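Trainee: First the structure, then my questions, so here it is.
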Amino acid sequence: MRARDNPFAADRVLAIRYKPQGCTWRELLERLESLNYRAAIVGPHGTGKTTLLEDLIPWLRSRGYDPILLRLDSTSPRLNPDQWHVVGAAGPRQILLLDGAEQLPLTQWLCFRYRSRNAGGLVITTHQSGRLPTLIRTRTSAPLLSEILTELGARCAEPDGLFHRHGGNIREAIRELYDRISGVA
């Protein structure tokens with residue numbers, strides 16, 4: 001099978017947007033406003049933190065803000081000089097969105113918080129709470145995985161088993177299905 005025909009191809013998976021669990025979008029956005037746009041999206045790997053952060057961008061723009069997305073991960077765990085400049089220059093109409101805040105050591109996190117003080121907001125993703133008030137704890141479920149598979153137009157004989165085998169990490173579950181179909185696994 002050609003990669004683009006795989007129902008779990010990256011472009012198809014990336015088209016799936018965040019689905020709040022345990023709250024509505026309206027409740028989530030009202031909470032973010034009540035926290036003055038300074039909050040953390042907290043959860044384990046593969047539970048939708050990055051997708052939720054990305055999905056906030058159009059909503060923030062519709063309210064007149066200029067969201068600025070910064071990403072950190074294990075291959076790029078530190079902010080580069082250009083990113084530090086953006087953080088320091090952010091003003092009241094900019095909301096900084098930092099994906100992977102847990103990558104920053106405490107001293108750099110404190111520096112980041114100080115340098116971002118003039119920004120209109122700061123929303124981060126992290127695996128553990130504590131750096132900012134928690135906006136939401138992302139979570140997944142086997143029914144959510146089944147819903148996503150249906151949205152992708154795909155079938156899985158054992159979605160519950162797949163979900164549990166990957167410890168609730170939907171990204172890894174979908175990666176396994178991609179590999180199965182492509183003949184890698």
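Here, A, B, ... name the chains of the structure tokens in the order displayed, residue numbers run from 1 inside each chain, and ligands are numbered from 1 in the same displayed order.
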Which parts of chain A does DSSP call alpha helix (DSSP H) when run on the backbone here, written out as a ChimeraX atom specification?

Mentor: /A:10-14,25-34,49-62,81-89,106-115,142-151,159-165,170-182

Trainee: Could those selected residues go to a file with C-alpha atoms, as a PDB file, in the first residue's frame?

Mentor:
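Result written to part_21.pdb:
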ATOM      1  CA  ALA A  10       0.177  11.780   8.784  1.00  0.00           C
ATOM      2  CA  ASP A  11      -1.967  14.266   6.850  1.00  0.00           C
ATOM      3  CA  ARG A  12      -5.132  12.356   7.743  1.00  0.00           C
ATOM      4  CA  VAL A  13      -4.183  11.975  11.400  1.00  0.00           C
ATOM      5  CA  LEU A  14      -3.192  15.651  11.691  1.00  0.00           C
ATOM      6  CA  TRP A  25     -15.061  23.734  24.393  1.00  0.00           C
ATOM      7  CA  ARG A  26     -17.059  26.611  25.855  1.00  0.00           C
ATOM      8  CA  GLU A  27     -16.175  25.613  29.432  1.00  0.00           C
ATOM      9  CA  LEU A  28     -12.528  25.185  28.489  1.00  0.00           C
ATOM     10  CA  LEU A  29     -12.309  28.608  26.847  1.00  0.00           C
ATOM     11  CA  GLU A  30     -14.162  30.319  29.709  1.00  0.00           C
ATOM     12  CA  ARG A  31     -11.672  28.768  32.128  1.00  0.00           C
ATOM     13  CA  LEU A  32      -8.743  30.038  30.049  1.00  0.00           C
ATOM     14  CA  GLU A  33     -10.217  33.550  30.148  1.00  0.00           C
ATOM     15  CA  SER A  34     -10.768  33.295  33.912  1.00  0.00           C
ATOM     16  CA  LYS A  49      -1.846  18.484  24.502  1.00  0.00           C
ATOM     17  CA  THR A  50      -0.177  19.798  21.345  1.00  0.00           C
ATOM     18  CA  THR A  51      -3.339  19.457  19.279  1.00  0.00           C
ATOM     19  CA  LEU A  52      -5.296  21.424  21.879  1.00  0.00           C
ATOM     20  CA  LEU A  53      -2.606  24.117  21.991  1.00  0.00           C
ATOM     21  CA  GLU A  54      -2.736  24.419  18.188  1.00  0.00           C
ATOM     22  CA  ASP A  55      -6.548  24.509  18.255  1.00  0.00           C
ATOM     23  CA  LEU A  56      -6.448  27.525  20.587  1.00  0.00           C
ATOM     24  CA  ILE A  57      -4.720  29.628  17.904  1.00  0.00           C
ATOM     25  CA  PRO A  58      -7.779  30.502  15.764  1.00  0.00           C
ATOM     26  CA  TRP A  59      -9.869  31.120  18.871  1.00  0.00           C
ATOM     27  CA  LEU A  60      -7.260  33.531  20.268  1.00  0.00           C
ATOM     28  CA  ARG A  61      -6.995  35.297  16.901  1.00  0.00           C
ATOM     29  CA  SER A  62     -10.778  35.731  16.828  1.00  0.00           C
ATOM     30  CA  PRO A  81      18.305  33.162  20.686  1.00  0.00           C
ATOM     31  CA  ASP A  82      15.596  34.183  18.179  1.00  0.00           C
ATOM     32  CA  GLN A  83      12.932  32.553  20.328  1.00  0.00           C
ATOM     33  CA  TRP A  84      14.258  34.263  23.461  1.00  0.00           C
ATOM     34  CA  HIS A  85      13.999  37.573  21.613  1.00  0.00           C
ATOM     35  CA  VAL A  86      10.366  36.849  20.647  1.00  0.00           C
ATOM     36  CA  VAL A  87       9.550  36.013  24.277  1.00  0.00           C
ATOM     37  CA  GLY A  88      11.117  39.228  25.563  1.00  0.00           C
ATOM     38  CA  ALA A  89       9.435  41.358  22.891  1.00  0.00           C
ATOM     39  CA  LEU A 106      13.847  25.281  36.442  1.00  0.00           C
ATOM     40  CA  THR A 107      16.304  28.169  36.043  1.00  0.00           C
ATOM     41  CA  GLN A 108      15.430  28.614  32.364  1.00  0.00           C
ATOM     42  CA  TRP A 109      11.725  28.257  33.174  1.00  0.00           C
ATOM     43  CA  LEU A 110      11.993  31.060  35.734  1.00  0.00           C
ATOM     44  CA  CYS A 111      13.837  33.209  33.193  1.00  0.00           C
ATOM     45  CA  PHE A 112      11.157  32.404  30.597  1.00  0.00           C
ATOM     46  CA  ARG A 113       8.384  33.387  33.026  1.00  0.00           C
ATOM     47  CA  TYR A 114      10.134  36.663  33.828  1.00  0.00           C
ATOM     48  CA  ARG A 115      10.830  37.540  30.186  1.00  0.00           C
ATOM     49  CA  ALA A 142     -10.739   3.500  24.429  1.00  0.00           C
ATOM     50  CA  PRO A 143     -14.041   5.026  23.183  1.00  0.00           C
ATOM     51  CA  LEU A 144     -12.135   8.161  22.137  1.00  0.00           C
ATOM     52  CA  LEU A 145      -9.677   6.011  20.183  1.00  0.00           C
ATOM     53  CA  SER A 146     -12.620   4.242  18.519  1.00  0.00           C
ATOM     54  CA  GLU A 147     -14.157   7.630  17.649  1.00  0.00           C
ATOM     55  CA  ILE A 148     -10.900   8.792  16.078  1.00  0.00           C
ATOM     56  CA  LEU A 149     -10.569   5.548  14.109  1.00  0.00           C
ATOM     57  CA  THR A 150     -14.111   6.017  12.807  1.00  0.00           C
ATOM     58  CA  GLU A 151     -13.281   9.589  11.815  1.00  0.00           C
ATOM     59  CA  PRO A 159      -9.429  -0.954  19.912  1.00  0.00           C
ATOM     60  CA  ASP A 160      -9.614  -1.600  23.682  1.00  0.00           C
ATOM     61  CA  GLY A 161      -6.583  -3.883  23.569  1.00  0.00           C
ATOM     62  CA  LEU A 162      -4.693  -1.443  21.349  1.00  0.00           C
ATOM     63  CA  PHE A 163      -5.543   1.420  23.701  1.00  0.00           C
ATOM     64  CA  HIS A 164      -4.353  -0.482  26.782  1.00  0.00           C
ATOM     65  CA  ARG A 165      -1.242  -1.863  25.069  1.00  0.00           C
ATOM     66  CA  ILE A 170      -3.362   7.476  21.108  1.00  0.00           C
ATOM     67  CA  ARG A 171      -0.490   8.718  18.950  1.00  0.00           C
ATOM     68  CA  GLU A 172       1.428   5.468  19.526  1.00  0.00           C
ATOM     69  CA  ALA A 173      -1.706   3.356  18.969  1.00  0.00           C
ATOM     70  CA  ILE A 174      -2.272   5.021  15.600  1.00  0.00           C
ATOM     71  CA  ARG A 175       1.409   4.634  14.727  1.00  0.00           C
ATOM     72  CA  GLU A 176       1.087   0.891  15.356  1.00  0.00           C
ATOM     73  CA  LEU A 177      -1.916   0.725  13.027  1.00  0.00           C
ATOM     74  CA  TYR A 178      -0.037   2.683  10.362  1.00  0.00           C
ATOM     75  CA  ASP A 179       2.884   0.251  10.596  1.00  0.00           C
ATOM     76  CA  ARG A 180       0.575  -2.765  10.425  1.00  0.00           C
ATOM     77  CA  ILE A 181      -1.100  -1.558   7.254  1.00  0.00           C
ATOM     78  CA  SER A 182       2.139  -0.476   5.623  1.00  0.00           C
TER      79      SER A 182
END

Trainee: DSSP on the backbone: what in chain A comes out strand (DSSP E or B), as a list in words?

Mentor: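 Strand (DSSP E or B) assignments inside chain A correspond to Arg38, Ala39, Ala40, Ile41, Val42, Asp66, Pro67, Ile68, Leu69, Leu70, Arg71, Gln94, Ile95, Leu96, Leu97, Leu98, Asp99, Gly121, Leu122, Val123, Ile124, Thr125, Thr126, Thr134, Leu135, Ile136 and Arg137 of chain A.
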
Trainee: Write the residues of the selection above to a file with N, CA and C atoms, as a CSV table (one decimal), in the first residue's frame.

Mentor:
chain,number,residue,atom,x,y,z
A,38,ARG,N,-3.2,32.6,31.3
A,38,ARG,CA,-1.9,32.0,31.8
A,38,ARG,C,-2.3,30.7,32.5
A,39,ALA,N,-2.0,29.6,31.7
A,39,ALA,CA,-2.4,28.3,32.2
A,39,ALA,C,-1.6,27.2,31.5
A,40,ALA,N,-1.7,26.0,32.1
A,40,ALA,CA,-1.0,24.8,31.6
A,40,ALA,C,-2.0,23.8,31.1
A,41,ILE,N,-1.7,23.2,30.0
A,41,ILE,CA,-2.4,22.0,29.5
A,41,ILE,C,-1.5,20.8,29.9
A,42,VAL,N,-2.0,20.0,30.8
A,42,VAL,CA,-1.2,19.0,31.5
A,42,VAL,C,-1.7,17.6,31.1
A,66,ASP,N,-2.6,37.9,19.1
A,66,ASP,CA,-1.6,37.4,18.2
A,66,ASP,C,-0.9,36.2,18.9
A,67,PRO,N,-1.3,35.0,18.7
A,67,PRO,CA,-0.7,33.9,19.4
A,67,PRO,C,0.7,33.5,18.7
A,68,ILE,N,1.6,33.2,19.5
A,68,ILE,CA,3.0,32.9,19.1
A,68,ILE,C,3.3,31.5,19.6
A,69,LEU,N,3.5,30.5,18.7
A,69,LEU,CA,3.7,29.2,19.1
A,69,LEU,C,5.2,28.9,19.1
A,70,LEU,N,5.7,28.4,20.2
A,70,LEU,CA,7.1,28.0,20.4
A,70,LEU,C,7.1,26.5,20.8
A,71,ARG,N,8.0,25.7,20.2
A,71,ARG,CA,8.0,24.3,20.4
A,71,ARG,C,9.3,23.8,21.0
A,94,GLN,N,0.0,39.8,22.4
A,94,GLN,CA,0.6,38.5,22.1
A,94,GLN,C,0.3,37.5,23.2
A,95,ILE,N,0.0,36.3,22.8
A,95,ILE,CA,-0.1,35.2,23.8
A,95,ILE,C,0.9,34.2,23.4
A,96,LEU,N,1.8,33.9,24.3
A,96,LEU,CA,2.8,32.9,24.0
A,96,LEU,C,2.3,31.5,24.3
A,97,LEU,N,2.5,30.6,23.3
A,97,LEU,CA,2.1,29.2,23.5
A,97,LEU,C,3.3,28.4,23.4
A,98,LEU,N,3.7,27.8,24.5
A,98,LEU,CA,4.9,27.0,24.7
A,98,LEU,C,4.6,25.5,24.8
A,99,ASP,N,4.9,24.8,23.7
A,99,ASP,CA,4.7,23.4,23.7
A,99,ASP,C,5.9,22.7,24.2
A,121,GLY,N,-0.6,36.8,27.5
A,121,GLY,CA,-0.9,35.5,28.1
A,121,GLY,C,0.2,34.5,27.8
A,122,LEU,N,0.2,33.3,28.5
A,122,LEU,CA,1.1,32.3,28.4
A,122,LEU,C,0.4,31.0,28.6
A,123,VAL,N,0.3,30.1,27.6
A,123,VAL,CA,-0.3,28.8,27.7
A,123,VAL,C,0.8,27.8,27.3
A,124,ILE,N,1.0,26.8,28.2
A,124,ILE,CA,2.0,25.8,28.0
A,124,ILE,C,1.4,24.4,28.0
A,125,THR,N,2.2,23.5,27.4
A,125,THR,CA,1.9,22.1,27.6
A,125,THR,C,3.0,21.5,28.4
A,126,THR,N,2.6,20.6,29.3
A,126,THR,CA,3.6,20.0,30.2
A,126,THR,C,3.1,18.6,30.6
A,134,THR,N,-3.5,24.9,36.2
A,134,THR,CA,-3.9,23.9,35.2
A,134,THR,C,-5.2,24.3,34.5
A,135,LEU,N,-5.1,24.4,33.2
A,135,LEU,CA,-6.3,24.7,32.4
A,135,LEU,C,-7.1,23.4,32.2
A,136,ILE,N,-6.4,22.3,31.9
A,136,ILE,CA,-7.1,21.0,31.7
A,136,ILE,C,-6.0,20.0,31.8
A,137,ARG,N,-6.5,18.8,32.3
A,137,ARG,CA,-5.7,17.6,32.3
A,137,ARG,C,-6.2,16.8,31.1

Trainee: Counting only C-alpha atoms, figure out which residue out of A:Pro92, A:Gly168, A:Gly183, A:Gly120 gets nearest to Arg139 in chain A.

Mentor: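 Between A:Pro92, A:Gly168, A:Gly183, A:Gly120, the residue approaching Arg139 in chain A most closely is A:Gly168.
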
Trainee: Give the answer as one residue: which of A:Arg17, A:Arg63, A:His166, A:Arg155 has the shortest atom-to-atom distance to Tyr37 in chain A, using only C-alpha atoms?

Mentor: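 Of A:Arg17, A:Arg63, A:His166, A:Arg155, the one nearest Tyr37 in chain A, counting only C-alpha atoms, is A:Arg63.
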
Trainee: For the atom pair CA of Ala154 in chain A and CA of Thr138 in chain A, what is the interatomic distance in Å to one decimal place?

Mentor: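 Interatomic distance here is 23.7 Å.
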
Trainee: Could you tell me how far CA of Gln103 in chain A sits from CA of Pro77 in chain A, in Å to one decimal place?

Mentor: 5.3 Å
